[in-house]
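One file, structure38.cif, carrying mmCIF, N, CA and C atoms:
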data_target
#
loop_
_atom_site.label_atom_id
_atom_site.label_comp_id
_atom_site.auth_asym_id
_atom_site.auth_seq_id
_atom_site.Cartn_x
_atom_site.Cartn_y
_atom_site.Cartn_z
N MET Z 1 6.94 45.97 -3.98
CA MET Z 1 7.64 44.83 -4.55
C MET Z 1 7.68 44.96 -6.07
N ILE Z 2 6.55 45.33 -6.66
CA ILE Z 2 6.51 45.45 -8.12
C ILE Z 2 7.40 46.59 -8.59
N SER Z 3 7.45 47.67 -7.83
CA SER Z 3 8.32 48.79 -8.24
C SER Z 3 9.79 48.37 -8.16
N PHE Z 4 10.15 47.53 -7.22
CA PHE Z 4 11.52 47.03 -7.12
C PHE Z 4 11.89 46.22 -8.36
N ILE Z 5 10.98 45.38 -8.80
CA ILE Z 5 11.22 44.57 -10.00
C ILE Z 5 11.32 45.47 -11.23
N ASN Z 6 10.45 46.47 -11.33
CA ASN Z 6 10.49 47.39 -12.47
C ASN Z 6 11.82 48.15 -12.50
N ASN Z 7 12.29 48.63 -11.35
CA ASN Z 7 13.56 49.34 -11.28
C ASN Z 7 14.72 48.42 -11.67
N ALA Z 8 14.67 47.17 -11.23
CA ALA Z 8 15.74 46.23 -11.56
C ALA Z 8 15.78 45.97 -13.06
N LEU Z 9 14.62 45.87 -13.67
CA LEU Z 9 14.58 45.63 -15.12
C LEU Z 9 15.05 46.85 -15.91
N LYS Z 10 14.78 48.06 -15.43
CA LYS Z 10 15.19 49.27 -16.13
C LYS Z 10 16.71 49.43 -16.12
N HIS Z 11 17.37 48.93 -15.09
CA HIS Z 11 18.82 49.09 -14.96
C HIS Z 11 19.60 48.03 -15.71
N ARG Z 12 18.96 47.25 -16.54
CA ARG Z 12 19.66 46.19 -17.28
C ARG Z 12 20.26 46.73 -18.57
N ASN Z 13 20.19 47.99 -18.81
CA ASN Z 13 20.79 48.64 -19.98
C ASN Z 13 20.28 48.07 -21.30
N GLY Z 14 19.01 47.81 -21.37
CA GLY Z 14 18.43 47.38 -22.63
C GLY Z 14 18.64 45.91 -22.95
N GLU Z 15 19.26 45.14 -22.06
CA GLU Z 15 19.45 43.71 -22.32
C GLU Z 15 18.10 43.00 -22.24
N LYS Z 16 17.91 42.05 -23.14
CA LYS Z 16 16.67 41.29 -23.14
C LYS Z 16 16.98 39.82 -22.89
N GLY Z 17 16.03 39.14 -22.29
CA GLY Z 17 16.21 37.71 -22.02
C GLY Z 17 16.70 37.46 -20.61
N PHE Z 18 16.98 36.19 -20.34
CA PHE Z 18 17.42 35.78 -19.01
C PHE Z 18 18.90 35.46 -19.04
N SER Z 19 19.54 35.65 -17.91
CA SER Z 19 20.96 35.31 -17.83
C SER Z 19 21.10 33.80 -17.63
N LEU Z 20 22.28 33.29 -17.84
CA LEU Z 20 22.55 31.87 -17.68
C LEU Z 20 22.31 31.42 -16.23
N VAL Z 21 22.67 32.25 -15.28
CA VAL Z 21 22.48 31.92 -13.87
C VAL Z 21 20.99 31.78 -13.56
N GLU Z 22 20.17 32.68 -14.08
CA GLU Z 22 18.73 32.60 -13.85
C GLU Z 22 18.15 31.30 -14.42
N LEU Z 23 18.60 30.94 -15.61
CA LEU Z 23 18.11 29.70 -16.22
C LEU Z 23 18.55 28.48 -15.43
N ILE Z 24 19.77 28.47 -14.93
CA ILE Z 24 20.26 27.34 -14.15
C ILE Z 24 19.48 27.21 -12.85
N VAL Z 25 19.16 28.33 -12.22
CA VAL Z 25 18.38 28.29 -10.98
C VAL Z 25 17.00 27.70 -11.24
N VAL Z 26 16.36 28.10 -12.32
CA VAL Z 26 15.03 27.58 -12.65
C VAL Z 26 15.10 26.07 -12.92
N VAL Z 27 16.08 25.64 -13.68
CA VAL Z 27 16.22 24.21 -13.97
C VAL Z 27 16.49 23.42 -12.68
N ALA Z 28 17.30 23.96 -11.78
CA ALA Z 28 17.59 23.29 -10.52
C ALA Z 28 16.32 23.16 -9.67
N ILE Z 29 15.52 24.20 -9.62
CA ILE Z 29 14.26 24.15 -8.85
C ILE Z 29 13.31 23.11 -9.44
N LEU Z 30 13.21 23.07 -10.76
CA LEU Z 30 12.35 22.07 -11.40
C LEU Z 30 12.86 20.66 -11.12
N GLY Z 31 14.17 20.48 -11.14
CA GLY Z 31 14.75 19.17 -10.83
C GLY Z 31 14.42 18.72 -9.42
N ILE Z 32 14.49 19.62 -8.47
CA ILE Z 32 14.16 19.28 -7.08
C ILE Z 32 12.70 18.89 -6.97
N LEU Z 33 11.83 19.61 -7.63
CA LEU Z 33 10.40 19.27 -7.60
C LEU Z 33 10.14 17.89 -8.19
N VAL Z 34 10.82 17.55 -9.27
CA VAL Z 34 10.64 16.23 -9.89
C VAL Z 34 11.13 15.13 -8.95
N VAL Z 35 12.27 15.34 -8.31
CA VAL Z 35 12.81 14.34 -7.39
C VAL Z 35 11.86 14.11 -6.22
N ILE Z 36 11.18 15.12 -5.79
CA ILE Z 36 10.21 14.98 -4.70
C ILE Z 36 8.93 14.30 -5.19
N ALA Z 37 8.49 14.63 -6.38
CA ALA Z 37 7.19 14.15 -6.88
C ALA Z 37 7.20 12.68 -7.29
N ILE Z 38 8.28 12.17 -7.83
CA ILE Z 38 8.28 10.80 -8.35
C ILE Z 38 8.02 9.76 -7.26
N PRO Z 39 8.69 9.79 -6.10
CA PRO Z 39 8.37 8.79 -5.07
C PRO Z 39 6.94 8.90 -4.54
N VAL Z 40 6.42 10.10 -4.45
CA VAL Z 40 5.05 10.28 -3.98
C VAL Z 40 4.08 9.65 -4.97
N PHE Z 41 4.31 9.86 -6.24
CA PHE Z 41 3.45 9.29 -7.29
C PHE Z 41 3.51 7.76 -7.25
N GLY Z 42 4.71 7.20 -7.05
CA GLY Z 42 4.86 5.75 -6.96
C GLY Z 42 4.11 5.16 -5.78
N ALA Z 43 4.15 5.85 -4.64
CA ALA Z 43 3.44 5.38 -3.46
C ALA Z 43 1.93 5.42 -3.67
N ILE Z 44 1.45 6.42 -4.36
CA ILE Z 44 0.02 6.52 -4.65
C ILE Z 44 -0.41 5.37 -5.56
N GLN Z 45 0.41 5.05 -6.55
CA GLN Z 45 0.08 3.94 -7.45
C GLN Z 45 0.05 2.61 -6.69
N GLU Z 46 1.02 2.40 -5.81
CA GLU Z 46 1.07 1.15 -5.04
C GLU Z 46 -0.15 1.01 -4.15
N THR Z 47 -0.54 2.09 -3.50
CA THR Z 47 -1.73 2.06 -2.65
C THR Z 47 -2.98 1.75 -3.47
N ALA Z 48 -3.07 2.32 -4.64
CA ALA Z 48 -4.23 2.07 -5.51
C ALA Z 48 -4.28 0.61 -5.95
N ARG Z 49 -3.13 0.04 -6.32
CA ARG Z 49 -3.10 -1.38 -6.71
C ARG Z 49 -3.51 -2.26 -5.54
N HIS Z 50 -2.99 -1.95 -4.38
CA HIS Z 50 -3.28 -2.77 -3.20
C HIS Z 50 -4.77 -2.68 -2.84
N ASN Z 51 -5.34 -1.50 -2.91
CA ASN Z 51 -6.77 -1.34 -2.63
C ASN Z 51 -7.63 -2.07 -3.65
N THR Z 52 -7.17 -2.14 -4.89
CA THR Z 52 -7.89 -2.87 -5.93
C THR Z 52 -7.96 -4.36 -5.58
N VAL Z 53 -6.85 -4.92 -5.12
CA VAL Z 53 -6.83 -6.33 -4.75
C VAL Z 53 -7.73 -6.59 -3.54
N LYS Z 54 -7.68 -5.71 -2.55
CA LYS Z 54 -8.54 -5.86 -1.37
C LYS Z 54 -10.01 -5.84 -1.76
N THR Z 55 -10.37 -4.90 -2.62
CA THR Z 55 -11.76 -4.78 -3.05
C THR Z 55 -12.19 -5.99 -3.86
N ALA Z 56 -11.30 -6.48 -4.70
CA ALA Z 56 -11.62 -7.65 -5.51
C ALA Z 56 -11.88 -8.87 -4.62
N ALA Z 57 -11.07 -9.05 -3.59
CA ALA Z 57 -11.26 -10.18 -2.68
C ALA Z 57 -12.59 -10.04 -1.93
N ALA Z 58 -12.88 -8.85 -1.45
CA ALA Z 58 -14.13 -8.63 -0.71
C ALA Z 58 -15.35 -8.86 -1.61
N ASN Z 59 -15.29 -8.37 -2.85
CA ASN Z 59 -16.41 -8.55 -3.78
C ASN Z 59 -16.59 -10.02 -4.13
N ALA Z 60 -15.48 -10.74 -4.32
CA ALA Z 60 -15.57 -12.16 -4.63
C ALA Z 60 -16.17 -12.94 -3.47
N ALA Z 61 -15.79 -12.61 -2.24
CA ALA Z 61 -16.34 -13.30 -1.07
C ALA Z 61 -17.84 -13.07 -0.96
N THR Z 62 -18.27 -11.85 -1.20
CA THR Z 62 -19.70 -11.54 -1.14
C THR Z 62 -20.46 -12.29 -2.24
N SER Z 63 -19.88 -12.32 -3.43
CA SER Z 63 -20.50 -13.03 -4.54
C SER Z 63 -20.60 -14.53 -4.27
N LEU Z 64 -19.53 -15.10 -3.72
CA LEU Z 64 -19.56 -16.53 -3.42
C LEU Z 64 -20.57 -16.85 -2.33
N ALA Z 65 -20.68 -15.97 -1.34
CA ALA Z 65 -21.67 -16.20 -0.29
C ALA Z 65 -23.08 -16.24 -0.87
N ALA Z 66 -23.36 -15.34 -1.79
CA ALA Z 66 -24.68 -15.34 -2.43
C ALA Z 66 -24.90 -16.61 -3.24
N GLN Z 67 -23.86 -17.07 -3.92
CA GLN Z 67 -24.01 -18.29 -4.73
C GLN Z 67 -24.17 -19.53 -3.85
N VAL Z 68 -23.48 -19.59 -2.71
CA VAL Z 68 -23.65 -20.71 -1.81
C VAL Z 68 -25.06 -20.70 -1.23
N THR Z 69 -25.57 -19.52 -0.91
CA THR Z 69 -26.93 -19.42 -0.41
C THR Z 69 -27.94 -19.91 -1.45
N ALA Z 70 -27.71 -19.53 -2.70
CA ALA Z 70 -28.65 -19.89 -3.77
C ALA Z 70 -28.50 -21.33 -4.26
N SER Z 71 -27.26 -21.80 -4.37
CA SER Z 71 -27.03 -23.09 -5.04
C SER Z 71 -26.35 -24.15 -4.19
N GLY Z 72 -25.89 -23.79 -3.03
CA GLY Z 72 -25.20 -24.77 -2.19
C GLY Z 72 -23.69 -24.71 -2.37
N PRO Z 73 -22.98 -25.48 -1.54
CA PRO Z 73 -21.52 -25.43 -1.53
C PRO Z 73 -20.86 -25.86 -2.85
N SER Z 74 -21.57 -26.64 -3.63
CA SER Z 74 -20.97 -27.11 -4.90
C SER Z 74 -20.78 -25.96 -5.90
N ALA Z 75 -21.36 -24.79 -5.65
CA ALA Z 75 -21.24 -23.65 -6.58
C ALA Z 75 -19.94 -22.88 -6.40
N VAL Z 76 -19.18 -23.17 -5.33
CA VAL Z 76 -17.99 -22.37 -5.03
C VAL Z 76 -16.91 -22.55 -6.09
N GLN Z 77 -16.51 -23.78 -6.35
CA GLN Z 77 -15.39 -24.00 -7.27
C GLN Z 77 -15.70 -23.51 -8.69
N PRO Z 78 -16.87 -23.77 -9.25
CA PRO Z 78 -17.17 -23.19 -10.57
C PRO Z 78 -17.15 -21.66 -10.56
N ALA Z 79 -17.59 -21.07 -9.47
CA ALA Z 79 -17.59 -19.60 -9.39
C ALA Z 79 -16.15 -19.07 -9.35
N ILE Z 80 -15.27 -19.72 -8.61
CA ILE Z 80 -13.85 -19.32 -8.58
C ILE Z 80 -13.24 -19.45 -9.97
N GLU Z 81 -13.53 -20.54 -10.66
CA GLU Z 81 -13.00 -20.74 -12.01
C GLU Z 81 -13.51 -19.67 -12.97
N LYS Z 82 -14.77 -19.29 -12.82
CA LYS Z 82 -15.34 -18.24 -13.66
C LYS Z 82 -14.65 -16.90 -13.39
N LEU Z 83 -14.43 -16.57 -12.12
CA LEU Z 83 -13.72 -15.33 -11.78
C LEU Z 83 -12.31 -15.33 -12.38
N ASN Z 84 -11.62 -16.45 -12.30
CA ASN Z 84 -10.25 -16.54 -12.83
C ASN Z 84 -10.20 -16.43 -14.35
N SER Z 85 -11.26 -16.81 -15.02
CA SER Z 85 -11.26 -16.74 -16.49
C SER Z 85 -11.56 -15.33 -17.01
N GLN Z 86 -12.08 -14.44 -16.15
CA GLN Z 86 -12.46 -13.11 -16.61
C GLN Z 86 -11.26 -12.20 -16.87
N ASN Z 87 -10.28 -12.17 -16.00
CA ASN Z 87 -9.08 -11.35 -16.16
C ASN Z 87 -7.85 -12.16 -15.78
N PRO Z 88 -7.49 -13.16 -16.57
CA PRO Z 88 -6.42 -14.06 -16.15
C PRO Z 88 -5.05 -13.41 -16.01
N SER Z 89 -4.82 -12.29 -16.67
CA SER Z 89 -3.49 -11.67 -16.58
C SER Z 89 -3.40 -10.62 -15.48
N GLU Z 90 -4.52 -10.29 -14.82
CA GLU Z 90 -4.51 -9.25 -13.81
C GLU Z 90 -4.76 -9.75 -12.40
N LEU Z 91 -5.77 -10.59 -12.21
CA LEU Z 91 -6.12 -11.08 -10.88
C LEU Z 91 -6.34 -12.58 -10.91
N ARG Z 92 -6.02 -13.22 -9.80
CA ARG Z 92 -6.27 -14.65 -9.64
C ARG Z 92 -6.93 -14.85 -8.29
N TYR Z 93 -7.97 -15.67 -8.23
CA TYR Z 93 -8.73 -15.90 -7.01
C TYR Z 93 -8.54 -17.33 -6.53
N SER Z 94 -8.57 -17.52 -5.21
CA SER Z 94 -8.51 -18.84 -4.59
C SER Z 94 -9.45 -18.84 -3.40
N ALA Z 95 -10.08 -19.98 -3.15
CA ALA Z 95 -10.93 -20.10 -1.98
C ALA Z 95 -10.04 -20.28 -0.76
N GLY Z 96 -10.47 -19.72 0.37
CA GLY Z 96 -9.70 -19.80 1.60
C GLY Z 96 -9.66 -21.19 2.17
N GLY Z 97 -8.80 -21.37 3.17
CA GLY Z 97 -8.69 -22.66 3.82
C GLY Z 97 -7.30 -23.25 3.71
N GLY Z 98 -6.56 -22.89 2.66
CA GLY Z 98 -5.22 -23.40 2.47
C GLY Z 98 -4.17 -22.41 2.94
N THR Z 99 -2.91 -22.79 2.75
CA THR Z 99 -1.82 -21.89 3.12
C THR Z 99 -1.04 -21.41 1.90
N GLN Z 100 -1.47 -21.80 0.71
CA GLN Z 100 -0.83 -21.33 -0.52
C GLN Z 100 -1.90 -20.96 -1.53
N ILE Z 101 -1.62 -19.89 -2.27
CA ILE Z 101 -2.52 -19.51 -3.36
C ILE Z 101 -1.71 -19.41 -4.63
N GLU Z 102 -2.36 -19.67 -5.75
CA GLU Z 102 -1.69 -19.62 -7.04
C GLU Z 102 -1.61 -18.18 -7.52
N SER Z 103 -0.43 -17.79 -8.00
CA SER Z 103 -0.27 -16.42 -8.48
C SER Z 103 -0.62 -16.32 -9.95
N VAL Z 104 -0.71 -15.10 -10.44
CA VAL Z 104 -1.04 -14.85 -11.84
C VAL Z 104 0.05 -15.41 -12.75
N THR Z 105 1.31 -15.34 -12.28
CA THR Z 105 2.44 -15.77 -13.10
C THR Z 105 2.68 -17.27 -13.04
N GLY Z 106 1.89 -18.01 -12.26
CA GLY Z 106 2.00 -19.45 -12.23
C GLY Z 106 2.67 -20.01 -10.99
N GLY Z 107 3.30 -19.20 -10.18
CA GLY Z 107 3.91 -19.68 -8.94
C GLY Z 107 2.89 -19.75 -7.83
N THR Z 108 3.39 -19.99 -6.62
CA THR Z 108 2.49 -19.99 -5.47
C THR Z 108 2.97 -18.97 -4.45
N ILE Z 109 2.05 -18.49 -3.65
CA ILE Z 109 2.33 -17.50 -2.61
C ILE Z 109 1.84 -18.07 -1.29
N ASN Z 110 2.69 -18.03 -0.28
CA ASN Z 110 2.30 -18.50 1.05
C ASN Z 110 1.44 -17.45 1.73
N VAL Z 111 0.36 -17.90 2.32
CA VAL Z 111 -0.56 -17.01 3.04
C VAL Z 111 -0.91 -17.65 4.38
N PRO Z 112 -1.36 -16.86 5.35
CA PRO Z 112 -1.78 -17.45 6.63
C PRO Z 112 -2.99 -18.36 6.45
N ALA Z 113 -3.01 -19.44 7.19
CA ALA Z 113 -4.15 -20.34 7.12
C ALA Z 113 -5.38 -19.65 7.71
N VAL Z 114 -6.51 -19.88 7.09
CA VAL Z 114 -7.76 -19.30 7.55
C VAL Z 114 -8.73 -20.45 7.80
N GLN Z 115 -9.40 -20.40 8.94
CA GLN Z 115 -10.42 -21.41 9.21
C GLN Z 115 -11.60 -21.12 8.30
N ALA Z 116 -11.72 -21.87 7.23
CA ALA Z 116 -12.79 -21.60 6.28
C ALA Z 116 -13.28 -22.92 5.71
N SER Z 117 -14.56 -23.02 5.63
CA SER Z 117 -15.16 -24.14 4.91
C SER Z 117 -16.17 -23.53 3.95
N MET Z 118 -16.51 -24.24 2.95
CA MET Z 118 -17.39 -23.67 1.93
C MET Z 118 -18.82 -24.17 2.08
N ASP Z 119 -19.22 -24.48 3.30
CA ASP Z 119 -20.56 -25.02 3.47
C ASP Z 119 -21.56 -24.04 4.07
N SER Z 120 -21.11 -22.84 4.43
CA SER Z 120 -22.07 -21.84 4.90
C SER Z 120 -21.57 -20.45 4.53
N THR Z 121 -22.47 -19.49 4.50
CA THR Z 121 -22.08 -18.14 4.12
C THR Z 121 -21.28 -17.45 5.21
N ASP Z 122 -21.26 -18.00 6.42
CA ASP Z 122 -20.50 -17.37 7.51
C ASP Z 122 -18.99 -17.58 7.37
N THR Z 123 -18.57 -18.59 6.66
CA THR Z 123 -17.17 -18.97 6.68
C THR Z 123 -16.47 -18.89 5.33
N ILE Z 124 -17.11 -18.33 4.34
CA ILE Z 124 -16.47 -18.24 3.02
C ILE Z 124 -15.37 -17.20 3.06
N TYR Z 125 -14.18 -17.57 2.60
CA TYR Z 125 -13.03 -16.69 2.59
C TYR Z 125 -12.37 -16.81 1.23
N VAL Z 126 -12.03 -15.67 0.62
CA VAL Z 126 -11.46 -15.67 -0.72
C VAL Z 126 -10.16 -14.87 -0.73
N TYR Z 127 -9.16 -15.40 -1.41
CA TYR Z 127 -7.92 -14.67 -1.64
C TYR Z 127 -7.90 -14.17 -3.07
N ALA Z 128 -7.35 -12.97 -3.27
CA ALA Z 128 -7.11 -12.44 -4.61
C ALA Z 128 -5.64 -12.02 -4.67
N VAL Z 129 -5.00 -12.28 -5.79
CA VAL Z 129 -3.59 -11.90 -5.97
C VAL Z 129 -3.46 -11.21 -7.33
N ASN Z 130 -2.69 -10.13 -7.39
CA ASN Z 130 -2.53 -9.43 -8.67
C ASN Z 130 -1.24 -9.88 -9.36
N ASN Z 131 -0.96 -9.28 -10.51
CA ASN Z 131 0.19 -9.70 -11.31
C ASN Z 131 1.52 -9.20 -10.74
N ARG Z 132 1.51 -8.49 -9.62
CA ARG Z 132 2.74 -8.06 -8.94
C ARG Z 132 2.99 -8.84 -7.66
N GLY Z 133 2.17 -9.83 -7.40
CA GLY Z 133 2.34 -10.66 -6.21
C GLY Z 133 1.74 -10.08 -4.95
N GLU Z 134 0.99 -9.00 -5.04
CA GLU Z 134 0.31 -8.42 -3.89
C GLU Z 134 -1.01 -9.16 -3.72
N TRP Z 135 -1.30 -9.59 -2.51
CA TRP Z 135 -2.52 -10.37 -2.31
C TRP Z 135 -3.34 -9.81 -1.16
N ALA Z 136 -4.58 -10.21 -1.15
CA ALA Z 136 -5.50 -9.83 -0.08
C ALA Z 136 -6.49 -10.96 0.11
N GLY Z 137 -6.98 -11.08 1.32
CA GLY Z 137 -8.00 -12.06 1.61
C GLY Z 137 -9.16 -11.37 2.28
N ALA Z 138 -10.35 -11.84 2.00
CA ALA Z 138 -11.54 -11.25 2.62
C ALA Z 138 -12.59 -12.34 2.79
N GLY Z 139 -13.36 -12.19 3.83
CA GLY Z 139 -14.40 -13.16 4.10
C GLY Z 139 -15.78 -12.54 4.01
N SER Z 140 -16.75 -13.38 3.78
CA SER Z 140 -18.12 -12.90 3.78
C SER Z 140 -18.60 -12.77 5.22
N ALA Z 141 -19.68 -12.11 5.41
CA ALA Z 141 -20.33 -11.94 6.71
C ALA Z 141 -19.40 -11.31 7.74
N GLY Z 142 -18.60 -10.35 7.32
CA GLY Z 142 -17.80 -9.57 8.26
C GLY Z 142 -16.54 -10.25 8.76
N ALA Z 143 -16.09 -11.31 8.12
CA ALA Z 143 -14.83 -11.95 8.54
C ALA Z 143 -13.69 -10.97 8.36
N ALA Z 144 -12.67 -11.09 9.18
CA ALA Z 144 -11.54 -10.15 9.14
C ALA Z 144 -10.81 -10.23 7.81
N SER Z 145 -10.48 -9.08 7.25
CA SER Z 145 -9.71 -9.02 6.02
C SER Z 145 -8.23 -8.92 6.37
N GLN Z 146 -7.39 -9.40 5.47
CA GLN Z 146 -5.97 -9.25 5.64
C GLN Z 146 -5.32 -9.11 4.28
N SER Z 147 -4.18 -8.44 4.24
CA SER Z 147 -3.51 -8.28 2.96
C SER Z 147 -2.04 -7.95 3.20
N TRP Z 148 -1.25 -8.29 2.22
CA TRP Z 148 0.17 -8.00 2.26
C TRP Z 148 0.67 -7.75 0.86
N PRO Z 149 1.54 -6.75 0.69
CA PRO Z 149 2.20 -6.63 -0.61
C PRO Z 149 3.29 -7.68 -0.71
N ARG Z 150 3.44 -8.25 -1.83
CA ARG Z 150 4.46 -9.26 -2.15
C ARG Z 150 4.75 -10.15 -1.00
#
Go ahead and express the file in the form of structure tokens.
Amino acid sequence: MISFINNALKHRNGEKGFSLVELIVVVAILGILVVIAIPVFGAIQETARHNTVKTAAANAATSLAAQVTASGPSAVQPAIEKLNSQNPSELRYSAGGGTQIESVTGGTINVPAVQASMDSTDTIYVYAVNNRGEWAGAGSAGAASQSWPR
């Protein structure tokens, strides 16, 4: 194979550089690779954002369960307010039990109703929503998690 390439280069009569056709082929191949790579990269970013929201909801539910165990049910609302004050432009948290949660941008998002009360660690459920409207809900003590983009 290498000898074939060497022979082809020797027969170019001393010309140096690449022909226009060779350059166009290379640019076309690079263009095809870019067209393939951009959607894949976008999907990876979306999955990462969605997993961040799921993890945030699960961590908040675990944290609230610990606070209810330590301080009683009255600790839930102050804890939610504290979570919301930490990153107000990225994530917003709501306690479960309702069918709407407040979004980062100020609107509301409809979510499935969850049987949740804030009086025991078995039933604490927390929703988290990011600044793109993707939300997730998670409960403490192994409650089923759910999530939906937008």
* Around the point (-8.9, -15.3, -3.1) in the file's coordinates, collect all residues with an atom within 10 Å, using only C-alpha atoms, and return them as number ranges by chain. => Z: 53-54, 56-58, 60-61, 80, 83-84, 91-96, 101-102, 125-129, 135-139
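Computed from the coordinates, the CA of Phe41 in chain Z to atom N of Arg132 in chain Z distance equals 18.0 Å.
Distance-wise, atom N of Pro88 in chain Z and atom N of Val76 in chain Z end up 19.1 Å apart.
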* When you draw a straight line from CA of Gln77 in chain Z to atom C of Asn51 in chain Z, how long is it in Å? -> 23.5 Å
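The closest residue to Asn87 in chain Z, picked from Z:Asn130, Z:Gly31, Z:Leu20, Z:Pro73 and counting only C-alpha atoms, is Z:Asn130.
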